[in-house]
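Right, one structure below, let's go through it.
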Amino acid sequence: MTNPAVAVHGLTKIFPVPFHRQSIVAVKDLNLRIDPGEVYGLLGPNGSGKSTTLKIILGLVSPTRGRTEIFGGDSRLVESREAVGFLPENPYFQKFLTGEETLHFFGRLCGLRGAALKNRVNELLRLVRLDRARNRRLGTYSKGMLQRIGLAQALIHDPRLVVLDEPTAGVDPAGSREIRDLILNLKERGITVLLSSHLLAQAQEICDRVGILADGVLVREGHLQELIAIENQTELVVADASDELVRDIESLLSRSNAKLIERRKSTTTLERLFLEATKNDEGTTKQK
Ligand SMILES: Nc1ncnc2c1ncn2[C@@H]1O[C@H](COP(=O)(O)OP(=O)(O)OP(=O)(O)O)[C@@H](O)[C@H]1O
Ligand SMILES: [Mg+2]
């Protein structure tokens with residue numbers, strides 16, 4: 001049996017509050033298993049324990065109880081983390097470095113040198129569509145550009161697992177869509193992705209499975225389509241139906257035990273509407 005990409009066993013994290021008797025239970029008896037190649041979304045409102053869980057999985061915060069593993073190795077061991085790339089919630093970059101210099105810096109930290117480093121930096125700048133901005137200082141980058149350089153940084157050493165804490169925080173819909181496409185591209189290449197988000201619509205589009213945290217407790221888990229399906233309801237979307245046909249369908253329903261709950265025009269999502277409305281002549285969305 002292959003090892004899971006991530007395994008979390010009975011994880012609890014309690015933060016003591018100095019000079020107070022109470023403490024904060026950030027994560028409570030959490031169990032997770034993420035298979036290689038999966039895109040898994042850890043969802044939950046602010047303060048529900050998403051970042052704490054991710055940091056423990058990455059070995060950056062120690063658990064109070066329980067243990068976490070990456071590809072079968074204990075998270076606390078440096079060698080377990082070699083296969084992992086991480087985009088933190090608030091990535092800290094040197095604003096005076098250019099995009100290219102930033103990736104060079106992280107590449108050298110990961111032991112890349114010479115032509116291999118140069119090629120990898122070029123490849124990643126193309127992947128995150130920052131090759132034209134490669135010589136600009138990060139101080140002049142927009143939020144979306146910073147997230148994309150952060151994603152490139154997380155990928156520099158070709159990790160098997162990528163952990164992304166709120167990858168689209170503060171990014172507009174077009175930028176979010178680009179990040180979503182990058183994540184789908186990672187999935188196609190067999191890379192496991194563990195991300196946190198409180199944007200449910202986005203998670204819906206990219207995650208194979210999601211877990212929902214509330215106050216540090218996993219309250220739901222599964223395939224998103226199954227989680228959001230309303231078991232006893234079926235939607236029919238019909239194009240080119242005459243009024244008569246619709247009346248016939250309704251009268252057929254009225255003769256059975258089934259109830260017509262809603263009849264409405266199909267709608268697009270607000271995100272798609274926004275993207276259509278802000279498109280330029282070449283069909284790409286206006287943005288830097
Ligand atoms: N270093 C810390 N010391 C004390 N309490 C902490 C610490 N880190 C997190 N917490 C607390 O643990 C709880 C979970 O925080 P966490 O950052 O994991 O939530 P989150 O789900 O990532 O939230 P957000 O959506 O705002 O990023 C919160 O109550 C937070 O205040
Ligand atoms: Mg967080």
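Simple scheme: letters A, B, ... for chains in structure tokens order, numbers from 1 for residues in each chain, numbers from 1 for ligands in the order shown.
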Task: Nearby residues, ligand 1, 6 Å, only C-alpha atoms and all ligand atoms, as a VMD selection string - done: chain A and resid 15 26 45 to 52
Find the residues around Val27 in chain A up to 6 Å (only C-alpha atoms counted), leave out those fewer than 5 positions away in its own chain, and share them as a PDB file with C-alpha atoms, in the first residue's frame.
ATOM      1  CA  THR A  12      -4.636  18.572  19.036  1.00  0.00           C
ATOM      2  CA  LYS A  13      -3.004  21.972  19.450  1.00  0.00           C
ATOM      3  CA  GLY A  49      -7.466  26.231  12.855  1.00  0.00           C
ATOM      4  CA  GLY A 216     -10.634  23.287  15.370  1.00  0.00           C
TER       5      GLY A 216
END
- [ ] Please provide the set of residues having any atom within 10 Å of Lys28 in chain A, restricted to only C-alpha atoms, with same-chain residues fewer than 4 positions apart removed, written as a count of residues only.
- [x] 15
Task: Polymer residues at most 10 Å from Leu127 in chain A, only C-alpha atoms, same-chain spacing of 5 or more positions, as a list in words - done: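 In the requested format, the answer is Val121, Asn122, Arg148, Leu151, Ala152, Leu182 and Asn185 of chain A.
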TODO: Give me every helix (DSSP H, G or I) residue in range 62-238 of chain A, going by DSSP on the backbone, as a ChimeraX atom specification.
DONE: /A:78-81,99-109,114-127,131-133,138-140,143-155,173-188,200-206,224-228
Open item on the list: Give me the residues near Tyr40 in chain A as a PyMOL selection string, where near means some atom within 7 Å (using only C-alpha atoms) and where sequence neighbours in that chain fewer than 5 positions away do not count.
Closed with: chain A and resi 34+193-195+207-210
Please dump the current selection as a CSV table (one decimal), in the first residue's frame; keep N, CA and C atoms.
chain,number,residue,atom,x,y,z
A,34,ILE,N,-4.6,12.3,3.1
A,34,ILE,CA,-4.7,12.9,1.8
A,34,ILE,C,-3.8,12.0,0.9
A,193,VAL,N,-1.8,18.6,-3.7
A,193,VAL,CA,-1.9,20.0,-3.3
A,193,VAL,C,-2.8,20.0,-2.0
A,194,LEU,N,-2.4,20.6,-1.0
A,194,LEU,CA,-3.2,20.8,0.2
A,194,LEU,C,-3.3,22.3,0.4
A,195,LEU,N,-4.5,22.8,0.3
A,195,LEU,CA,-4.7,24.3,0.4
A,195,LEU,C,-5.8,24.6,1.4
A,207,CYS,N,-10.9,21.5,-5.9
A,207,CYS,CA,-10.6,20.4,-4.9
A,207,CYS,C,-11.3,19.1,-5.2
A,208,ASP,N,-10.5,18.0,-5.1
A,208,ASP,CA,-11.1,16.7,-5.2
A,208,ASP,C,-11.9,16.4,-4.0
A,209,ARG,N,-11.4,16.8,-2.8
A,209,ARG,CA,-12.1,16.6,-1.5
A,209,ARG,C,-11.9,17.8,-0.7
A,210,VAL,N,-12.8,18.0,0.2
A,210,VAL,CA,-12.6,19.1,1.2
A,210,VAL,C,-12.9,18.6,2.6
Open item on the list: Excluding Leu199 in chain A and its own-chain neighbours fewer than 2 positions away, which residues fall within 9 Å of it when counting only C-alpha atoms? Please give them as number ranges by chain.
Closed with: A: 43-44, 166, 168-169, 197, 201-204
Task: For ligand 2, the nearest of the candidates A:Leu42, A:Pro16, A:Asp165, A:Arg33, counting only C-alpha atoms and all ligand atoms - done: A:Asp165
Task: One-decimal distance in Å that lies between CA of Glu101 in chain A and CA of Leu161 in chain A - done: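 About the pair CA of Leu161 in chain A and CA of Glu101 in chain A: they are 24.1 Å apart.
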Task: Interatomic distance, CA of Asp131 in chain A to CA of Thr102 in chain A (Å, one decimal) - done: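 For CA of Asp131 in chain A relative to CA of Thr102 in chain A, the distance reads 12.8 Å.
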TODO: Counting only C-alpha atoms and all ligand atoms, figure out which residue out of A:Ala133, A:Ile183, A:Ile149, A:Leu164 gets nearest to ligand 2.
DONE: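 Between A:Ala133, A:Ile183, A:Ile149, A:Leu164, the residue approaching ligand 2 most closely is A:Leu164.
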Open item on the list: Could you pull out the strand (DSSP E) residues of range 58-281 of chain A, going by DSSP on the backbone, and write them as a ChimeraX atom specification?
Closed with: /A:65-70,73-74,84-87,161-165,192-197,209-214,217-222
Task: Nearest to ligand 2 by atom-to-atom distance, counting only C-alpha atoms and all ligand atoms, from A:Lys187, A:Arg136, A:Arg81, A:Lys55 - done: A:Lys55
Open item on the list: If we count only C-alpha atoms and set the cut-off at 12 Å, which residues sit around Leu109 in chain A, ignoring sequence neighbours fewer than 5 positions away in its own chain? Please answer as a list in words.
Closed with: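 With the cut-off at 12 Å, the set is Glu82, Thr102, Leu103, His104, Leu117, Gln153, Ala154, Ile156 and His157 of chain A.
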Save out the residues we just selected, N, CA and C atoms, as a short mmCIF file (atom, residue, chain, number, x, y, z; two decimals), in the first residue's frame.
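Below you can see result_17.cif, which holds the result:
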data_model
loop_
_atom_site.label_atom_id
_atom_site.label_comp_id
_atom_site.auth_asym_id
_atom_site.auth_seq_id
_atom_site.Cartn_x
_atom_site.Cartn_y
_atom_site.Cartn_z
N GLU A 82 11.58 17.65 2.68
CA GLU A 82 12.29 18.00 1.45
C GLU A 82 11.39 17.98 0.22
N THR A 102 14.46 36.98 -6.57
CA THR A 102 13.79 36.28 -5.48
C THR A 102 13.83 34.77 -5.70
N LEU A 103 13.49 34.35 -6.93
CA LEU A 103 13.49 32.91 -7.22
C LEU A 103 14.91 32.34 -7.19
N HIS A 104 15.89 33.15 -7.63
CA HIS A 104 17.29 32.73 -7.54
C HIS A 104 17.67 32.45 -6.09
N LEU A 117 19.77 26.02 -11.99
CA LEU A 117 19.06 27.09 -11.27
C LEU A 117 18.46 28.07 -12.27
N GLN A 153 7.94 30.31 -5.89
CA GLN A 153 8.92 30.02 -4.83
C GLN A 153 8.64 28.66 -4.19
N ALA A 154 7.35 28.36 -4.02
CA ALA A 154 6.99 27.07 -3.39
C ALA A 154 7.31 25.89 -4.30
N ILE A 156 9.98 25.77 -6.43
CA ILE A 156 11.35 25.86 -6.96
C ILE A 156 12.09 24.52 -6.96
N HIS A 157 11.88 23.71 -5.95
CA HIS A 157 12.65 22.46 -5.87
C HIS A 157 11.83 21.26 -6.33
#
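With distances restricted to only C-alpha atoms, A:Leu124 is the closest residue to Gly107 in chain A from A:Ile56, A:Ala83, A:Leu124, A:Leu184.
Compared by their closest atoms to Leu97 in chain A, and using only C-alpha atoms, the residues A:Ser251, A:Ser266, A:Asn135, A:Ser23 rank with A:Asn135 nearest.
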- [ ] Calculate how many Å separate CA of Arg263 in chain A from CA of Ile228 in chain A, rounding to one decimal.
- [x]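 Those two atoms sit 19.8 Å apart.
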Open item on the list: I need the residue nearest ligand 2 from this list: A:Pro88, A:Gly99, A:Thr234, A:Arg220. Use only C-alpha atoms and all ligand atoms for the distance.
Closed with: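 Ranking A:Pro88, A:Gly99, A:Thr234, A:Arg220 by distance to ligand 2, first place goes to A:Pro88.
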